[in-house]
Amino acid sequence: MTERKINKIYLPILFALILAIGIFLGNRLGKNPRYNYSFLTYSNDNISSVINYVESKYVDTVDRKMLEESAIPALLESLDPHSVYIPASEMKNVTEDMQGNFEGIGVVFNLMTDTAIIIDVISGGPSDKVGILPGDRIIKVNDSLIAGKKLESDQVVGMLKGMRGTNVNVSIQRKGITDLINFEIIRDKIPLYSVDVAYMVNDETGYIKINRFAQTTFDEFLNGVEKLKQQNLKKLIVDLRGNTGGYINAAANIADQFLEDGKMIVYTQGKASPRSEIFSTSRGICHDIEVVILQDEWSASASEIVAGAIQDNDRGKIIGRRSFGKGLVQEEYPLSDGAVIRLTIARYYTPTGRSIQKPYSSNREDYFNDLNNRFENGEFERADSIHFSDSLKFTTPGGNIVYGGGGIMPDIFVPIDTNGFTKYYALVVNKQLTYDFAFNYSDKNRDELKKYQTAKELNNYLESKHIFDLFVKYAEQKGVPAATKGLDISRKIINTQIKAYIARNVIDNEGFYPIIMEIDNTFLEAVNYLNQN
């Protein structure tokens, strides 16, 4: 029986169960000593009556667990777009992502041509300790052949990950060696970094990219700043583009590093959540560093806390495009089976008192289609296409006008860059040829490439090899003729992307970001602003 048919069978009783499950949850929430849910007065008899009645009398056998997992999201869906139910099966990945580590063997691989090819080995991790190298091919895992089996990446990951202290046997094919090499690897905790890179752009300007706000983000950020300070850091670009949020405390702690003692960072307030304020301290290590924040339409939640605190305190400039507009605070409530309810309990407000949560209704599809509407309305291309009501106008202590009601509006708007987007570019991107070429080139020339330790050295070497001309020949072999319209127009963007991908395969993000930023208009605008300032 298909999932679609099951849903149709259960549909007549689903809505009746919504009430029952709501009562059921209320009763369980009220029993948890860590939370105060004394306002819940549902009767346990009602739970037993409805659920037991359905289980005993319904025409077909009922899967109680499936009904719960269908009814709970339906309850939450009528509230707001960010109150959600996370099944136990998904919680492990969510927890690993936010805790900043997982348990496994410590490799990054690419599943090319049905073979898992190792791109990078985590320094000091289990695989590094036993001698696994970039470029190695994983042929077997625990005597199970995985090469040539058309497995998905998640399937391979599932075979390699496991509890700390457990072992996994891996058979490796290595270039220049005929026989397979067998390794026994003891799994361990592997860090998941939320700060992608921290490097100096020029003699005084540093760049730090934060991809999310996890438990380890603040410490990673401090380490990045200290490293850059040793290289004469005077000005800092903090890139929050694509960062959809995370822990509020991590965001507040980072904002604290730039603000003088006693400045408002953020406050939260809800019906059952009294106003809670977070102020800066005197412990900041970036008080004398000029700062700009990069953001885009995917910068949300905790990212907007940082941007709002910097902007509202007149501490630095926000550069890019309007942020997502998520100003709702969720609290996690764990259920007995390992699932979690994330319930919105408050809104957060920037120091000037503005809520940046964009409007929402019960239709979540409309809410998340907002970005498509912004694109169609021209907002990604023109700042003057964005209109705010005067009732949402706020003034910073320095006299700057800022607006609430739907994201953080940047101080310096940078439109989306479509230069170089041609028919030729579309074809090679859709076929993933830039990435595949870069990976194959890195794999075949690894011994030569690993001689170069910096992005600048790699960039110069690849230019001397006329890497773009090699790519054009490769693309022709893959069905994209050099005569396709737009090749010359797209030359710069494709050439830069290829070099950046190759550099990432050799020295990770320390190689990727310094090269790819050559064609990043928002980044270049920030550098130009800081140079002029």
# chains A, B, ... in the order shown; residues from 1 in each chain; ligands from 1
call {"tool": "select_by_dssp", "arguments": {"residues": "segment 39-156 of chain A", "states": "strand (DSSP E)", "output": "PyMOL selection string"}}
result
chain A and resi 84-86+101-104+107-112+115-121+137-141+144-145
call {"tool": "residues_around", "arguments": {"residues": "Gly262 of chain A", "least_positions_apart": "4", "cutoff": "9 Å", "atoms": "only C-alpha atoms", "output": "list in words"}}
result
Phe279, Ser280, Thr281 and Ser282 of chain A
call {"tool": "write_last_selection", "arguments": {"atoms": "N, CA and C atoms", "output": "PDB file, in the first residue's frame"}}
result
ATOM      1  N   PHE A 279      22.229  42.790  27.095  1.00  0.00           N
ATOM      2  CA  PHE A 279      23.061  43.979  26.919  1.00  0.00           C
ATOM      3  C   PHE A 279      24.520  43.565  26.693  1.00  0.00           C
ATOM      4  N   SER A 280      25.254  44.456  26.072  1.00  0.00           N
ATOM      5  CA  SER A 280      26.676  44.212  25.856  1.00  0.00           C
ATOM      6  C   SER A 280      27.446  44.372  27.156  1.00  0.00           C
ATOM      7  N   THR A 281      28.642  43.808  27.167  1.00  0.00           N
ATOM      8  CA  THR A 281      29.509  43.880  28.340  1.00  0.00           C
ATOM      9  C   THR A 281      30.790  44.623  27.977  1.00  0.00           C
ATOM     10  N   SER A 282      31.707  44.640  28.909  1.00  0.00           N
ATOM     11  CA  SER A 282      32.996  45.307  28.656  1.00  0.00           C
ATOM     12  C   SER A 282      34.038  44.317  28.151  1.00  0.00           C
TER      13      SER A 282
END
call {"tool": "residues_around", "arguments": {"residues": "Gly308 of chain A", "least_positions_apart": "3", "cutoff": "10 Å", "atoms": "only C-alpha atoms", "output": "PDB file with C-alpha atoms, in the first residue's frame"}}
result
ATOM      1  CA  ALA A 255      27.571  41.225  18.681  1.00  0.00           C
ATOM      2  CA  ILE A 265      21.792  43.887  21.774  1.00  0.00           C
ATOM      3  CA  VAL A 266      18.313  42.354  21.568  1.00  0.00           C
ATOM      4  CA  ALA A 302      20.295  34.967  14.725  1.00  0.00           C
ATOM      5  CA  SER A 303      21.978  36.611  11.720  1.00  0.00           C
ATOM      6  CA  GLU A 304      19.437  39.405  11.926  1.00  0.00           C
ATOM      7  CA  ILE A 305      20.133  39.814  15.648  1.00  0.00           C
ATOM      8  CA  GLN A 311      22.975  48.822  12.797  1.00  0.00           C
ATOM      9  CA  ASP A 312      20.807  50.118  15.645  1.00  0.00           C
ATOM     10  CA  ASN A 313      23.841  51.035  17.743  1.00  0.00           C
ATOM     11  CA  ASP A 314      25.462  52.876  14.806  1.00  0.00           C
ATOM     12  CA  ILE A 318      25.194  46.520   6.741  1.00  0.00           C
ATOM     13  CA  TYR A 349      13.251  43.085  18.878  1.00  0.00           C
ATOM     14  CA  THR A 350      16.301  45.097  17.844  1.00  0.00           C
ATOM     15  CA  PRO A 351      17.696  47.800  20.154  1.00  0.00           C
ATOM     16  CA  THR A 352      15.510  50.547  18.635  1.00  0.00           C
ATOM     17  CA  ARG A 354      11.645  47.163  15.864  1.00  0.00           C
ATOM     18  CA  ILE A 356      11.748  42.478  11.926  1.00  0.00           C
ATOM     19  CA  VAL A 402      15.825  52.157  10.078  1.00  0.00           C
ATOM     20  CA  GLY A 407      13.916  41.973   7.671  1.00  0.00           C
ATOM     21  CA  ILE A 408      16.962  44.216   8.080  1.00  0.00           C
ATOM     22  CA  MET A 409      17.365  46.691   5.241  1.00  0.00           C
ATOM     23  CA  PRO A 410      21.066  47.210   4.442  1.00  0.00           C
TER      24      PRO A 410
END
call {"tool": "residues_around", "arguments": {"residues": "Thr434 of chain A", "least_positions_apart": "4", "cutoff": "8 Å", "atoms": "only C-alpha atoms", "output": "count of residues only"}}
result
7
call {"tool": "residues_around", "arguments": {"residues": "segment 515-523 of chain A", "least_positions_apart": "4", "cutoff": "9 Å", "atoms": "only C-alpha atoms", "output": "list in words"}}
result
Ile237, Asp239, Leu294, Gln295, Ile319, Gly320, Phe413, Val414, Pro415, Ile416, Asp417, Ala455, Lys456, Asn459, Lys492, Ile493, Thr496, Gln497, Lys499, Ala500, Tyr501, Ala503, Gly511, Val527 and Asn528 of chain A
call {"tool": "write_last_selection", "arguments": {"atoms": "C-alpha atoms", "output": "PDB file, in the first residue's frame"}}
result
ATOM      1  CA  ILE A 237      34.055  41.974   7.169  1.00  0.00           C
ATOM      2  CA  ASP A 239      29.804  37.534   6.178  1.00  0.00           C
ATOM      3  CA  LEU A 294      27.332  41.207   4.729  1.00  0.00           C
ATOM      4  CA  GLN A 295      23.806  39.815   4.436  1.00  0.00           C
ATOM      5  CA  ILE A 319      25.929  45.727   3.085  1.00  0.00           C
ATOM      6  CA  GLY A 320      23.960  43.520   0.714  1.00  0.00           C
ATOM      7  CA  PHE A 413      22.334  47.977  -1.181  1.00  0.00           C
ATOM      8  CA  VAL A 414      24.111  45.663  -3.638  1.00  0.00           C
ATOM      9  CA  PRO A 415      21.930  44.137  -6.374  1.00  0.00           C
ATOM     10  CA  ILE A 416      22.163  40.485  -7.323  1.00  0.00           C
ATOM     11  CA  ASP A 417      24.938  40.022  -9.873  1.00  0.00           C
ATOM     12  CA  ALA A 455      45.291  30.630  -2.477  1.00  0.00           C
ATOM     13  CA  LYS A 456      47.570  33.139  -4.191  1.00  0.00           C
ATOM     14  CA  ASN A 459      45.744  30.928  -8.363  1.00  0.00           C
ATOM     15  CA  LYS A 492      35.753  35.455 -16.043  1.00  0.00           C
ATOM     16  CA  ILE A 493      33.088  33.920 -13.824  1.00  0.00           C
ATOM     17  CA  THR A 496      37.308  32.048 -11.275  1.00  0.00           C
ATOM     18  CA  GLN A 497      34.887  29.349 -10.139  1.00  0.00           C
ATOM     19  CA  LYS A 499      40.194  27.913  -9.789  1.00  0.00           C
ATOM     20  CA  ALA A 500      38.284  28.326  -6.530  1.00  0.00           C
ATOM     21  CA  TYR A 501      36.911  24.758  -6.666  1.00  0.00           C
ATOM     22  CA  ALA A 503      41.839  25.358  -4.510  1.00  0.00           C
ATOM     23  CA  GLY A 511      41.913  28.331  -0.847  1.00  0.00           C
ATOM     24  CA  VAL A 527      36.284  46.236   0.700  1.00  0.00           C
ATOM     25  CA  ASN A 528      35.815  49.449  -1.281  1.00  0.00           C
TER      26      ASN A 528
END
